[in-house]
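Q: What follows is the file query_11.cif, containing mmCIF, C-alpha atoms and all ligand atoms:
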data_upload
loop_
_atom_site.label_atom_id
_atom_site.label_comp_id
_atom_site.auth_asym_id
_atom_site.auth_seq_id
_atom_site.Cartn_x
_atom_site.Cartn_y
_atom_site.Cartn_z
CA MET A 1 70.67 29.20 -56.81
CA PRO A 2 70.66 31.00 -60.17
CA LYS A 3 69.48 34.57 -60.50
CA ARG A 4 65.99 35.03 -61.89
CA LYS A 5 64.51 37.56 -64.25
CA TRP A 6 61.94 40.06 -63.08
CA ARG A 7 59.23 38.57 -65.25
CA GLU A 8 59.65 35.32 -63.33
CA ILE A 9 58.70 36.95 -60.04
CA ARG A 10 55.81 35.02 -58.67
CA PRO A 11 56.35 34.61 -54.95
CA SER A 12 54.46 31.71 -53.46
CA TYR A 13 51.54 32.44 -51.19
CA ASP A 14 53.70 31.26 -48.29
CA THR A 15 56.67 33.51 -49.12
CA ALA A 16 54.53 36.61 -49.70
CA GLY A 17 52.61 35.87 -46.50
CA TYR A 18 55.84 35.37 -44.56
CA PHE A 19 57.25 38.67 -45.85
CA LYS A 20 54.13 40.63 -44.92
CA GLN A 21 53.55 39.01 -41.56
CA LYS A 22 57.14 39.39 -40.40
CA ILE A 23 57.61 43.00 -41.44
CA LEU A 24 54.24 44.08 -40.03
CA ARG A 25 55.18 42.60 -36.68
CA TRP A 26 58.66 44.11 -36.86
CA VAL A 27 57.43 47.66 -37.48
CA TYR A 28 54.89 47.32 -34.68
CA GLN A 29 57.76 46.52 -32.32
CA ASN A 30 60.12 49.09 -33.90
CA PRO A 31 58.07 52.18 -34.79
CA GLY A 32 60.09 54.95 -36.42
CA ARG A 33 59.85 58.01 -34.21
CA TYR A 34 59.74 60.90 -36.66
CA PRO A 35 57.75 64.04 -35.78
CA TRP A 36 55.82 64.16 -39.07
CA ARG A 37 54.37 60.72 -38.35
CA THR A 38 52.37 62.17 -35.48
CA ALA A 39 51.64 65.57 -37.06
CA LYS A 40 48.17 66.82 -36.20
CA ILE A 41 47.96 69.12 -39.23
CA LYS A 42 47.91 67.26 -42.56
CA PHE A 43 49.52 70.17 -44.39
CA HIS A 44 52.64 69.67 -42.28
CA THR A 45 52.97 66.08 -43.45
CA LEU A 46 52.98 67.33 -47.02
CA ILE A 47 55.73 69.80 -46.12
CA ALA A 48 57.68 66.92 -44.56
CA GLU A 49 57.44 64.93 -47.80
CA ILE A 50 59.00 67.83 -49.71
CA LEU A 51 61.77 68.31 -47.14
CA LEU A 52 62.51 64.56 -47.21
CA GLN A 53 63.15 64.52 -50.96
CA ARG A 54 66.75 63.41 -51.50
CA THR A 55 67.52 64.11 -47.83
CA LYS A 56 68.08 61.84 -44.82
CA ALA A 57 65.25 61.81 -42.28
CA GLU A 58 67.58 62.60 -39.35
CA GLN A 59 68.75 65.76 -41.10
CA VAL A 60 65.18 66.87 -41.74
CA ILE A 61 63.92 66.59 -38.13
CA PRO A 62 65.25 69.94 -36.73
CA VAL A 63 64.39 71.85 -39.90
CA TYR A 64 60.87 70.41 -39.97
CA LYS A 65 60.28 71.33 -36.31
CA ARG A 66 61.40 74.91 -36.89
CA PHE A 67 59.39 75.15 -40.11
CA ILE A 68 56.03 74.07 -38.70
CA LYS A 69 56.54 76.34 -35.68
CA ASP A 70 57.03 79.35 -37.95
CA TYR A 71 54.50 78.27 -40.59
CA PRO A 72 51.42 76.64 -39.09
CA SER A 73 49.30 77.10 -42.24
CA PRO A 74 49.50 77.65 -46.02
CA THR A 75 48.51 81.29 -45.46
CA ALA A 76 51.53 81.89 -43.22
CA ILE A 77 53.76 80.68 -46.05
CA VAL A 78 51.99 82.72 -48.71
CA VAL A 79 52.56 85.99 -46.84
CA SER A 80 56.17 85.15 -45.88
CA PRO A 81 59.11 86.44 -47.95
CA LEU A 82 60.72 83.66 -50.00
CA SER A 83 64.10 84.59 -48.49
CA GLN A 84 62.85 83.67 -45.01
CA ILE A 85 61.71 80.22 -46.15
CA LYS A 86 65.03 79.69 -47.91
CA LYS A 87 66.86 80.59 -44.71
CA ILE A 88 64.99 77.99 -42.66
CA ILE A 89 65.53 75.12 -45.09
CA ALA A 90 69.11 76.13 -45.99
CA PRO A 91 70.70 73.39 -43.78
CA LEU A 92 69.14 70.79 -46.10
CA GLY A 93 70.52 72.24 -49.34
CA LEU A 94 68.30 72.04 -52.45
CA ARG A 95 67.05 75.55 -51.85
CA TRP A 96 64.72 75.32 -54.87
CA ARG A 97 62.38 73.54 -52.50
CA ALA A 98 61.61 76.90 -50.81
CA ARG A 99 59.99 78.17 -54.01
CA LYS A 100 58.06 74.89 -54.44
CA ILE A 101 56.77 75.13 -50.87
CA LYS A 102 55.59 78.69 -51.49
CA GLU A 103 53.89 77.66 -54.74
CA LEU A 104 52.32 74.68 -52.99
CA ALA A 105 50.90 76.88 -50.22
CA ALA A 106 49.52 79.37 -52.74
CA THR A 107 47.91 76.60 -54.80
CA LEU A 108 46.26 75.01 -51.77
CA LYS A 109 45.01 78.35 -50.51
CA ASN A 110 43.76 79.72 -53.81
CA ARG A 111 42.63 76.62 -55.69
CA TYR A 112 41.69 74.17 -52.96
CA ARG A 113 40.65 76.55 -50.14
CA GLY A 114 43.35 75.08 -47.94
CA GLU A 115 42.14 71.49 -48.37
CA ILE A 116 44.55 68.84 -49.66
CA PRO A 117 43.26 66.51 -52.42
CA LEU A 118 42.91 62.89 -51.36
CA HIS A 119 43.71 61.15 -54.64
CA MET A 120 46.88 60.61 -56.67
CA ASP A 121 45.85 62.72 -59.67
CA GLY A 122 44.93 65.74 -57.58
CA LEU A 123 48.02 65.50 -55.40
CA MET A 124 50.33 65.25 -58.40
CA THR A 125 49.05 68.56 -59.76
CA LEU A 126 50.46 70.27 -56.64
CA PRO A 127 53.85 72.01 -56.95
CA GLY A 128 56.67 69.91 -55.50
CA ILE A 129 54.55 66.75 -55.23
CA GLY A 130 55.55 63.86 -57.49
CA GLN A 131 54.38 60.26 -57.55
CA TYR A 132 56.38 59.17 -54.50
CA ALA A 133 55.33 62.13 -52.31
CA ALA A 134 51.69 61.67 -53.36
CA ALA A 135 51.77 57.93 -52.53
CA ALA A 136 53.51 58.65 -49.23
CA TYR A 137 50.94 61.30 -48.31
CA LEU A 138 48.00 59.02 -49.13
CA SER A 139 49.29 55.87 -47.51
CA LEU A 140 51.45 57.03 -44.60
CA HIS A 141 49.35 59.96 -43.50
CA ASN A 142 45.86 58.91 -44.57
CA ASN A 143 46.05 55.10 -44.55
CA LYS A 144 44.82 54.89 -48.14
CA ARG A 145 46.26 52.17 -50.33
CA ALA A 146 49.11 53.42 -52.54
CA LEU A 147 52.25 51.66 -53.76
CA LEU A 148 55.34 53.14 -52.17
CA VAL A 149 58.64 52.53 -53.94
CA ASP A 150 61.93 54.27 -53.28
CA SER A 151 65.49 53.10 -53.84
CA ASN A 152 65.70 51.47 -50.40
CA ILE A 153 62.49 49.53 -50.98
CA VAL A 154 63.67 48.42 -54.43
CA ARG A 155 66.89 47.10 -52.85
CA LEU A 156 64.93 45.30 -50.11
CA TYR A 157 62.60 43.54 -52.57
CA GLY A 158 65.48 42.74 -54.91
CA ARG A 159 67.53 41.08 -52.18
CA PHE A 160 64.68 39.25 -50.48
CA PHE A 161 63.24 37.81 -53.69
CA GLY A 162 66.63 37.38 -55.37
CA PHE A 163 66.63 39.76 -58.33
CA ARG A 164 69.21 42.15 -59.62
CA VAL A 165 68.02 45.74 -59.38
CA HIS A 166 69.13 49.02 -60.92
CA ALA A 167 68.05 52.65 -61.10
CA GLU A 168 65.22 51.91 -63.56
CA THR A 169 63.80 48.92 -61.70
CA ARG A 170 61.03 50.97 -60.13
CA ARG A 171 59.70 51.66 -63.63
CA ASN A 172 59.63 47.95 -64.44
CA SER A 173 56.03 46.73 -64.74
CA ALA A 174 56.90 43.28 -63.34
CA PHE A 175 58.48 44.90 -60.31
CA MET A 176 55.44 47.13 -59.79
CA SER A 177 53.21 44.06 -60.08
CA LEU A 178 55.20 42.51 -57.26
CA ALA A 179 54.80 45.67 -55.15
CA ASP A 180 51.07 45.61 -55.94
CA LEU A 181 50.80 41.96 -54.92
CA LEU A 182 52.55 42.55 -51.61
CA THR A 183 50.90 45.82 -50.58
CA PRO A 184 47.85 45.00 -48.47
CA HIS A 185 44.49 46.73 -48.84
CA ARG A 186 44.12 46.91 -45.09
CA GLU A 187 47.06 48.13 -43.00
CA CYS A 188 48.66 49.83 -46.00
CA ARG A 189 50.08 52.53 -43.74
CA ARG A 190 51.79 50.01 -41.47
CA PHE A 191 53.07 47.96 -44.40
CA ASN A 192 54.56 51.00 -46.13
CA TYR A 193 56.19 52.17 -42.91
CA ALA A 194 57.64 48.68 -42.54
CA VAL A 195 59.22 48.46 -46.02
CA LEU A 196 60.40 52.06 -45.75
CA ASP A 197 62.08 51.60 -42.36
CA LEU A 198 63.39 48.09 -43.00
CA GLY A 199 64.90 49.14 -46.33
CA ARG A 200 66.45 52.26 -44.85
CA ASN A 201 67.65 50.97 -41.48
CA ILE A 202 68.27 47.21 -41.79
CA CYS A 203 68.57 46.28 -45.47
CA ARG A 204 71.09 49.08 -45.99
CA PRO A 205 73.71 49.04 -48.74
CA LYS A 206 75.73 47.09 -46.10
CA PRO A 207 72.84 45.01 -44.74
CA LEU A 208 72.36 44.09 -41.09
CA CYS A 209 71.19 40.54 -41.88
CA PRO A 210 71.80 39.04 -38.42
CA ILE A 211 69.13 41.30 -36.92
CA CYS A 212 66.76 41.27 -39.90
CA PRO A 213 63.29 39.84 -39.21
CA ILE A 214 62.99 38.22 -42.67
CA SER A 215 66.42 36.61 -42.99
CA LEU A 216 65.03 33.06 -42.74
CA LYS A 217 63.57 33.25 -46.26
CA CYS A 218 65.77 35.98 -47.74
CA HIS A 219 67.36 34.96 -51.05
CA TYR A 220 70.37 37.23 -50.59
CA TYR A 221 71.08 36.01 -47.08
CA ASN A 222 70.59 32.32 -47.81
CA TYR A 223 71.95 31.86 -51.32
CA GLY A 224 74.91 34.17 -51.50
CA LYS A 225 75.38 37.81 -52.17
CA GLU A 226 74.28 37.90 -55.77
CA GLN A 227 72.56 41.27 -55.51
CA LYS A 228 74.16 44.65 -55.04
S1 LIG A 301 68.34 39.31 -44.57
FE1 LIG A 301 69.79 40.91 -45.12
S2 LIG A 301 69.66 41.12 -47.34
FE2 LIG A 301 67.86 39.98 -46.65
S3 LIG A 301 66.26 41.53 -46.42
FE3 LIG A 301 67.25 41.25 -44.42
S4 LIG A 301 68.89 42.78 -44.32
FE4 LIG A 301 68.23 42.61 -46.47
#
Rewrite the structure of this file - the entire thing - as structure tokens.
Ligand code: SF4
A:
Amino acid sequence: MPKRKWREIRPSYDTAGYFKQKILRWVYQNPGRYPWRTAKIKFHTLIAEILLQRTKAEQVIPVYKRFIKDYPSPTAIVVSPLSQIKKIIAPLGLRWRARKIKELAATLKNRYRGEIPLHMDGLMTLPGIGQYAAAAYLSLHNNKRALLVDSNIVRLYGRFFGFRVHAETRRNSAFMSLADLLTPHRECRRFNYAVLDLGRNICRPKPLCPICPISLKCHYYNYGKEQK
């Protein structure tokens, strides 16, 4: 089957429905057990999104646990020396994040009285919070509809629907229209967890197709390895 161009992406009702139904069931049966997913304090989920930037989730777990134990609130961060925050997140590298976390805590405390905005525009004014982190915070931790796209999700969509992807694909309007079409209004949290976990754990660079829940209709699996 020939490769298609992004502007030709118009999955049939059946294919889109199959994709959604299968991955929603899969994530229900295979919930990712990460501590920030059950965090009781919303501020901690925002911290997790900063720690997860360019870092594997498994690496973040022990640092996150130590961090929220030492810093239960924005105020605790504001009064802490920057050097202490740097020391805790040092195992993750990217030590500039310590300064961003301190700026974030100060902004929340001073400008928002400790409350976290619940809309994209407000979130993206916060230090250290870009489009992805804002969408993750809204959808994964507040069940509000937001399109979540990272490199793993781009690869998953590209393989399943049969399109070549590259670093700029996530800025492609046709690709974002596809993400918009697929992302449900209800169950957005579960859907985004599903594409996140499936892209990261199953549709890896070396994909685990034999155990993938959507292999039956996957373009890559059924029509040859045209995608990278
Ligand atoms: S069948 Fe393979 S290539 Fe297709 S979505 Fe699943 S893991 Fe990815």
Q: Show me which residues are within 9 Å of ligand LIG 301 (chain A) counting all atoms listed in the file, and format the list as an NGL selection string.
A: :A and (155-161 or 198-199 or 201-222 or 225 or 227)
Q: Could you save those same residues with C-alpha atoms as a CSV table (one decimal), in the frame of the given file?
A:
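Here's the written file selection_3.csv:
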chain,number,residue,atom,x,y,z
A,155,ARG,CA,66.9,47.1,-52.8
A,156,LEU,CA,64.9,45.3,-50.1
A,157,TYR,CA,62.6,43.5,-52.6
A,158,GLY,CA,65.5,42.7,-54.9
A,159,ARG,CA,67.5,41.1,-52.2
A,160,PHE,CA,64.7,39.2,-50.5
A,161,PHE,CA,63.2,37.8,-53.7
A,198,LEU,CA,63.4,48.1,-43.0
A,199,GLY,CA,64.9,49.1,-46.3
A,201,ASN,CA,67.6,51.0,-41.5
A,202,ILE,CA,68.3,47.2,-41.8
A,203,CYS,CA,68.6,46.3,-45.5
A,204,ARG,CA,71.1,49.1,-46.0
A,205,PRO,CA,73.7,49.0,-48.7
A,206,LYS,CA,75.7,47.1,-46.1
A,207,PRO,CA,72.8,45.0,-44.7
A,208,LEU,CA,72.4,44.1,-41.1
A,209,CYS,CA,71.2,40.5,-41.9
A,210,PRO,CA,71.8,39.0,-38.4
A,211,ILE,CA,69.1,41.3,-36.9
A,212,CYS,CA,66.8,41.3,-39.9
A,213,PRO,CA,63.3,39.8,-39.2
A,214,ILE,CA,63.0,38.2,-42.7
A,215,SER,CA,66.4,36.6,-43.0
A,216,LEU,CA,65.0,33.1,-42.7
A,217,LYS,CA,63.6,33.2,-46.3
A,218,CYS,CA,65.8,36.0,-47.7
A,219,HIS,CA,67.4,35.0,-51.0
A,220,TYR,CA,70.4,37.2,-50.6
A,221,TYR,CA,71.1,36.0,-47.1
A,222,ASN,CA,70.6,32.3,-47.8
A,225,LYS,CA,75.4,37.8,-52.2
A,227,GLN,CA,72.6,41.3,-55.5
Q: For the atom pair atom CA of Ile61 of chain A and atom CA of Val195 of chain A, what is the interatomic distance in Å to one decimal place?
A: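 For atom CA of Ile61 of chain A relative to atom CA of Val195 of chain A, the distance reads 20.3 Å.
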Q: A:Ala16, A:Ala57, A:Val27, A:Val63: which is nearest Tyr193 of chain A, counting all atoms listed in the file?
A: A:Val27
Q: Which residues come within 12 Å of Glu115 of chain A, counting all atoms listed in the file, excluding same-chain residues fewer than 6 positions away, as a ChimeraX atom specification?
A: /A:41-43,46,73-74,104-109,122-123,126
Q: Within 10 Å of (56.0, 67.7, -42.4), in the coordinates the file gives, what residues turn up when you count only C-alpha atoms, written out as a PyMOL selection string?
A: chain A and resi 34-39+41-52+60-61+63-65+67-68
Q: I'd like the interatomic distance between atom CA of Gln84 of chain A and atom CA of Ala98 of chain A, to a tenth of an Å.
A: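 Interatomic distance here is 9.0 Å.
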Q: Point out the residue among A:Leu181, A:Ile85, A:Val154, A:Leu147 with the least atom-to-atom distance to Ala134 of chain A, counting only C-alpha atoms.
A: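 The answer is A:Leu147, which sits nearest to Ala134 of chain A.
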Q: For a test of reading the model, state the distance in Å between atom CA of Lys144 of chain A and atom CA of Thr15 of chain A, rounded to one decimal.
A: 24.5 Å
Q: Here is a test: counting all atoms listed in the file, which residue of A:Leu178, A:Cys188, A:Leu118, A:Val149 is nearest to Phe163 of chain A?
A: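 Checking each candidate against Phe163 of chain A, we get A:Leu178 as the closest.
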Q: Compare A:His166, A:His185, A:Lys69, A:Arg171 by their minimum atom-to-atom distance to Arg145 of chain A, counting all atoms listed in the file, and give me the closest one.
A: A:His185
Q: Nearest to Ile77 of chain A among A:Ile101, A:Ala179, A:Ile89, A:Leu196, with distances taken over only C-alpha atoms: which residue is it?
A: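 Selected residue with least distance to Ile77 of chain A: A:Ile101.
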Q: Dump segment 7-93 of chain A with C-alpha atoms to a file, as a CSV table (one decimal), in the first residue's frame.
A:
chain,number,residue,atom,x,y,z
A,7,ARG,CA,-3.3,16.2,4.2
A,8,GLU,CA,-5.0,12.9,3.1
A,9,ILE,CA,-5.5,11.8,6.7
A,10,ARG,CA,-9.2,11.1,7.0
A,11,PRO,CA,-9.6,8.0,9.0
A,12,SER,CA,-13.0,6.3,8.5
A,13,TYR,CA,-15.5,6.3,11.3
A,14,ASP,CA,-14.8,2.6,11.8
A,15,THR,CA,-11.0,3.0,12.0
A,16,ALA,CA,-11.1,6.0,14.4
A,17,GLY,CA,-13.7,4.2,16.5
A,18,TYR,CA,-11.6,1.0,16.5
A,19,PHE,CA,-8.5,2.9,17.6
A,20,LYS,CA,-10.2,4.7,20.5
A,21,GLN,CA,-12.2,1.7,21.7
A,22,LYS,CA,-9.2,-0.6,21.7
A,23,ILE,CA,-6.7,1.7,23.4
A,24,LEU,CA,-9.3,2.8,26.1
A,25,ARG,CA,-9.9,-0.8,27.0
A,26,TRP,CA,-6.1,-1.5,26.9
A,27,VAL,CA,-5.2,1.3,29.3
A,28,TYR,CA,-8.1,0.2,31.7
A,29,GLN,CA,-6.5,-3.2,31.8
A,30,ASN,CA,-2.9,-1.9,31.9
A,31,PRO,CA,-2.9,1.3,34.1
A,32,GLY,CA,0.5,2.9,34.4
A,33,ARG,CA,1.5,3.0,38.0
A,34,TYR,CA,3.3,6.2,38.5
A,35,PRO,CA,3.1,8.1,41.8
A,36,TRP,CA,2.1,11.5,40.3
A,37,ARG,CA,-1.0,9.9,38.7
A,38,THR,CA,-2.5,9.4,42.2
A,39,ALA,CA,-1.1,12.6,43.8
A,40,LYS,CA,-3.5,14.2,46.2
A,41,ILE,CA,-2.0,17.7,45.8
A,42,LYS,CA,-2.4,19.2,42.4
A,43,PHE,CA,0.8,21.3,42.7
A,44,HIS,CA,2.8,18.0,42.9
A,45,THR,CA,1.5,16.9,39.5
A,46,LEU,CA,2.8,20.2,38.1
A,47,ILE,CA,6.2,19.5,39.6
A,48,ALA,CA,6.1,16.0,38.1
A,49,GLU,CA,5.4,17.5,34.6
A,50,ILE,CA,8.6,19.6,34.9
A,51,LEU,CA,10.7,16.7,36.2
A,52,LEU,CA,9.4,14.5,33.3
A,53,GLN,CA,10.6,16.9,30.6
A,54,ARG,CA,13.2,15.1,28.5
A,55,THR,CA,13.5,12.4,31.2
A,56,LYS,CA,12.3,8.8,31.4
A,57,ALA,CA,9.4,8.3,33.9
A,58,GLU,CA,11.2,5.4,35.7
A,59,GLN,CA,14.2,7.8,36.4
A,60,VAL,CA,11.8,10.4,37.8
A,61,ILE,CA,10.0,8.2,40.3
A,62,PRO,CA,12.5,8.3,43.2
A,63,VAL,CA,13.4,12.0,42.7
A,64,TYR,CA,9.7,12.9,42.6
A,65,LYS,CA,9.0,11.0,45.8
A,66,ARG,CA,11.9,12.7,47.7
A,67,PHE,CA,10.9,16.1,46.3
A,68,ILE,CA,7.2,16.1,47.4
A,69,LYS,CA,8.3,14.8,50.8
A,70,ASP,CA,10.6,17.7,51.3
A,71,TYR,CA,8.4,20.3,49.5
A,72,PRO,CA,4.7,19.8,50.2
A,73,SER,CA,3.8,23.3,49.1
A,74,PRO,CA,4.9,26.2,46.9
A,75,THR,CA,5.8,28.1,50.1
A,76,ALA,CA,8.3,25.4,51.1
A,77,ILE,CA,10.0,25.8,47.8
A,78,VAL,CA,10.1,29.6,48.0
A,79,VAL,CA,11.9,29.6,51.3
A,80,SER,CA,14.3,26.8,50.4
A,81,PRO,CA,17.8,27.6,49.1
A,82,LEU,CA,18.1,27.0,45.3
A,83,SER,CA,21.2,24.8,46.0
A,84,GLN,CA,19.0,22.3,48.0
A,85,ILE,CA,16.5,22.0,45.2
A,86,LYS,CA,19.4,21.5,42.7
A,87,LYS,CA,20.8,18.7,44.9
A,88,ILE,CA,17.5,16.8,45.0
A,89,ILE,CA,16.9,16.9,41.2
A,90,ALA,CA,20.6,16.4,40.4
A,91,PRO,CA,20.2,12.7,39.4
A,92,LEU,CA,18.0,13.8,36.5
A,93,GLY,CA,20.4,16.2,35.0
